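Notes follow the structure.
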Amino acid sequence: MNEQTEPTTQSKQSRWNRQDQVVTLENIKSEMTTDQKSQRQLAVESDVPRSTLQYWLKRGQAIDAEPALVEFFESEVGLAFLHRLVLGLHMCLRLFGNVGIRLICLFLKKTGLDAFVASSYHAQQKIAVAVEEEIVVFGKEEKHRLAPLMSPKFITLCEDENFHEDLMCLLAMEPVSNMIIVEQYAKNRDAATWNSAVNDALTGLPVKVIQSTSDAAKGLLLHVKSGLGGAHHSPDLFHVLQDLSKATARPLALHVEQSEQAHVKATEAKQVIETAQTLFDVPQINRQPGKRPDFEKIIKEYEKVEENALNNVSAAQSRQTSARESVRGISDAYHPFDIQTGELRSADQVRQDIGQKFSILRNIAEAARLSDWSDKLIAKAQRQVDSMVATIAFVHHSVQVHTSSLELTSEQADVFISNLVSGVYIKQLSSKAQQAEERHTLTKTADQLLQPLREPGSPFAGLSLDRLQKIEKTAMECANLFQRSSSCVEGRNGQLALHHHHLHRISARTLQSLTVIHNYFIKRRDGTTAAERFFGNEHRDLFEWLLDRISLPARPAKKRVRPLAEMALLAA
């Protein structure tokens, strides 16, 4: 054979990938219709063995699908769409939506895409592993790339542990950006383990942890004291309120139920006596001889019992309502600013208000004769009051430090704290409020505090744009200093629990990929990811990056017809 008819050694030994196959075959088909060339000529010009070209043509004709679909998915555009579709199934449904590999296989079969994509469990599992491995690589590369571009900042960490049967997961998140800093399995949850995990995660990042919000676990407290350089520990308000709710909610509700039942029984008993009186006084009814009972006296006695029962119902309902309001009042009182007026609340004011609510709860527990278990829970929650008050003092001190760094005049400094910081803080609270009425009230208060700063006579009028931006940025940092809840890690624990329930066991690689998905893929309503908010810079698109790294989906294998069991027995 001459050089034109014999394929090169490289062509013989190399294996055509799917992208090259589709592009080459598409070009050959186009030339076949326009130039009227033979297969042999086109094969030589494309450097493709003729037998290979014939196999490609027969394979397309043998696909069990509509010709239009075959033509589309065997084109370059169709193959790119198929690539995005399969990768989207694994990214959005499996990793983000807790859908298993078998359901992805079922989706491909029911949509008829199994004619173009290998839909077996083994084939899709291979893609799943490759996706997870590349996602982990993406997270490491982006962290190293964005860390030098990041401005130095002080952060708070919300820390907690999550248990997946015999595995324990350490979780630490930055609540402002919702960035996961630590999410890994560990054998222990002592201070040394926490110190190692947090230090490794923060290596290379220009951040300093000044506060940790968590429950009062001994390991976490020691970790904050020794591993975070003496950072402040803020108690998690959720656990305080949870203990109080456990101590009062169900026991007081049970008292209400019991008192209502007692009232119903007293009313029914009085009605029985009244019915007996009516029947006794009817002349036509034959009754046994004897003196008439003093129904009036008996009815009065039952009326007293009914009245006492009704009073018990009112008292039980009043205690239940008062307990709910007191628990809610602790939450309302635990703010560095008055959420109704925006005025600064001192640590002593917070201590006094919270102390009054605890006194009410203790009086309720005594009046209702709650169990020792309830008393212990109330006492456990009350032990956190000193830490809560210390957190308010920490916030006020930190705000003063930030204010001093701005080098403002005395008038500007007063307005900065009393209007700008408090207004931004209440504005953030409004977005977290559950009830629409509460949101409107908080928004109105925030607008009343911020509106004077926008007027021409504002103390900040006349400052440069850069100066104003720095002041507003510092105000945001001051408003974010008060972190009283670790709800972000509680929500993440719930998501991991769903993944664990679905998979029965989350591998270390899968856990790392889920962390990257949370940080670099999930977006808020403003279109930003947690990583963008944390680093302050945009990162590469994870999905597009994976498209360049993940191989095209494999073609389905040729279906084999398996003999029936009966036929195998007959053949034997």
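Within each chain, counting starts at residue 1; across the structure tokens, chains are named A, B, ... in the order shown, with ligands numbered 1 upward in that order.
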For region 306-323 of chain A, find every residue with an atom within 10 Å (counting only C-alpha atoms), except residues of its own chain fewer than 2 positions away, and show them as JSON, numbers by chain. {"A": [244, 245, 248, 249, 250, 251, 252, 253, 254, 255, 256, 257, 258, 259, 260, 261, 262, 263, 264, 265, 266, 267, 268, 269, 270, 300, 301, 302, 303, 304, 325, 326, 327, 328, 329, 357, 358, 360, 361, 362, 363, 364, 365, 367, 368]}
How would the residues just chosen look if you wrote them out with C-alpha atoms as a compact mmCIF listing (two decimals), in the first residue's frame?
```txt
# COMPACT_ATOMS: atom_id res chain seq x y z
CA LEU A 244 -36.52 26.08 78.59
CA SER A 245 -39.09 24.76 76.13
CA THR A 248 -42.08 24.05 80.47
CA ALA A 249 -43.89 23.46 77.16
CA ARG A 250 -45.07 19.88 77.48
CA PRO A 251 -45.53 19.80 81.29
CA LEU A 252 -47.65 22.96 81.26
CA ALA A 253 -49.63 21.74 78.26
CA LEU A 254 -50.33 18.54 80.18
CA HIS A 255 -51.59 20.60 83.12
CA VAL A 256 -53.96 22.44 80.79
CA GLU A 257 -55.26 19.15 79.39
CA GLN A 258 -55.78 17.67 82.85
CA SER A 259 -57.55 20.76 84.17
CA GLU A 260 -59.81 20.88 81.12
CA GLN A 261 -60.70 17.22 81.59
CA ALA A 262 -61.47 17.86 85.27
CA HIS A 263 -63.72 20.77 84.27
CA VAL A 264 -65.57 18.61 81.74
CA LYS A 265 -66.13 15.89 84.38
CA ALA A 266 -67.44 18.42 86.91
CA THR A 267 -69.83 19.86 84.31
CA GLU A 268 -71.08 16.39 83.36
CA ALA A 269 -71.59 15.42 87.02
CA LYS A 270 -73.65 18.59 87.65
CA LYS A 300 -74.63 24.20 94.44
CA GLU A 301 -71.83 21.95 95.65
CA TYR A 302 -71.20 20.70 92.11
CA GLU A 303 -71.31 24.28 90.84
CA LYS A 304 -68.50 25.13 93.25
CA GLU A 325 -43.98 34.85 76.48
CA SER A 326 -41.07 34.59 78.91
CA VAL A 327 -39.13 32.23 76.65
CA ARG A 328 -39.81 34.51 73.71
CA GLY A 329 -38.93 37.50 75.90
CA LYS A 357 -37.85 36.34 82.51
CA PHE A 358 -36.04 33.57 84.34
CA ILE A 360 -41.07 34.39 85.99
CA LEU A 361 -40.26 30.92 84.70
CA ARG A 362 -39.09 29.79 88.12
CA ASN A 363 -42.27 31.11 89.74
CA ILE A 364 -44.34 29.31 87.13
CA ALA A 365 -42.46 26.07 87.74
CA ALA A 367 -46.74 27.26 91.10
CA ALA A 368 -47.31 24.39 88.66
```
Please report as a tab-separated table every residue of region 68-93 of chain A lying within 9 Å of region 539-549 of chain A, along with the nearest atom pair and their distance in Å (one decimal), using only C-alpha atoms.
```
residue	atom	partner	partner_atom	distance
A:His83	CA	A:Leu547	CA	7.5
A:Arg84	CA	A:Leu547	CA	7.2
A:Leu87	CA	A:Leu547	CA	7.6
A:Gly88	CA	A:Phe543	CA	8.1
A:Met91	CA	A:Phe543	CA	8.1
```
Keeping only C-alpha atoms, take the residues you just selected and write them out as a PDB file, in the first residue's frame.
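result29.pdb, freshly written:
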```pdb
ATOM      1  CA  HIS A  83     -22.558  15.822  28.258  1.00  0.00           C
ATOM      2  CA  ARG A  84     -24.188  18.710  30.123  1.00  0.00           C
ATOM      3  CA  LEU A  87     -23.178  15.971  34.428  1.00  0.00           C
ATOM      4  CA  GLY A  88     -26.196  18.003  35.562  1.00  0.00           C
ATOM      5  CA  MET A  91     -24.397  17.497  40.193  1.00  0.00           C
TER       6      MET A  91
END
```
To one decimal place in Å, what is the distance between CA of Val22 (chain A) and CA of Trp56 (chain A)?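 For CA of Val22 (chain A) relative to CA of Trp56 (chain A), the distance reads 9.2 Å.
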Do you know which residues are at most 7 Å from Ser485 (chain A) counting only C-alpha atoms, after dropping those on the same chain fewer than 3 positions away, and could you put them as a VMD selection string? chain A and resid 213 236 to 238
Give me a file of those residues, with N, CA and C atoms, as a PDB file, in the first residue's frame.
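The new file again16.pdb reads:
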```
ATOM      1  N   THR A 213     -19.372  30.545  68.291  1.00  0.00           N
ATOM      2  CA  THR A 213     -20.729  30.339  68.787  1.00  0.00           C
ATOM      3  C   THR A 213     -21.040  28.852  68.736  1.00  0.00           C
ATOM      4  N   ASP A 236     -24.894  29.427  72.393  1.00  0.00           N
ATOM      5  CA  ASP A 236     -25.920  29.277  71.363  1.00  0.00           C
ATOM      6  C   ASP A 236     -27.288  29.473  71.992  1.00  0.00           C
ATOM      7  N   LEU A 237     -27.989  30.514  71.584  1.00  0.00           N
ATOM      8  CA  LEU A 237     -29.301  30.813  72.155  1.00  0.00           C
ATOM      9  C   LEU A 237     -30.287  29.692  71.894  1.00  0.00           C
ATOM     10  N   PHE A 238     -30.130  28.990  70.787  1.00  0.00           N
ATOM     11  CA  PHE A 238     -31.049  27.901  70.451  1.00  0.00           C
ATOM     12  C   PHE A 238     -31.088  26.847  71.553  1.00  0.00           C
TER      13      PHE A 238
END
```
How many Å lie between CA of Ser551 (chain A) and CA of Arg145 (chain A), rounded to one decimal?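 So the answer is 24.7 Å.
If only C-alpha atoms are the atoms counted, then among A:Val207, A:Ala475, A:Leu279, A:Ala381 the closest residue to Val415 (chain A) is A:Ala475.
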Could you find all residues in region 295-494 of chain A that DSSP calls helix (DSSP H, G or I) from the backbone, and write them as a ChimeraX atom specification? /A:295-333,347-367,372-382,385-405,410-432,436-454,465-479,487-494
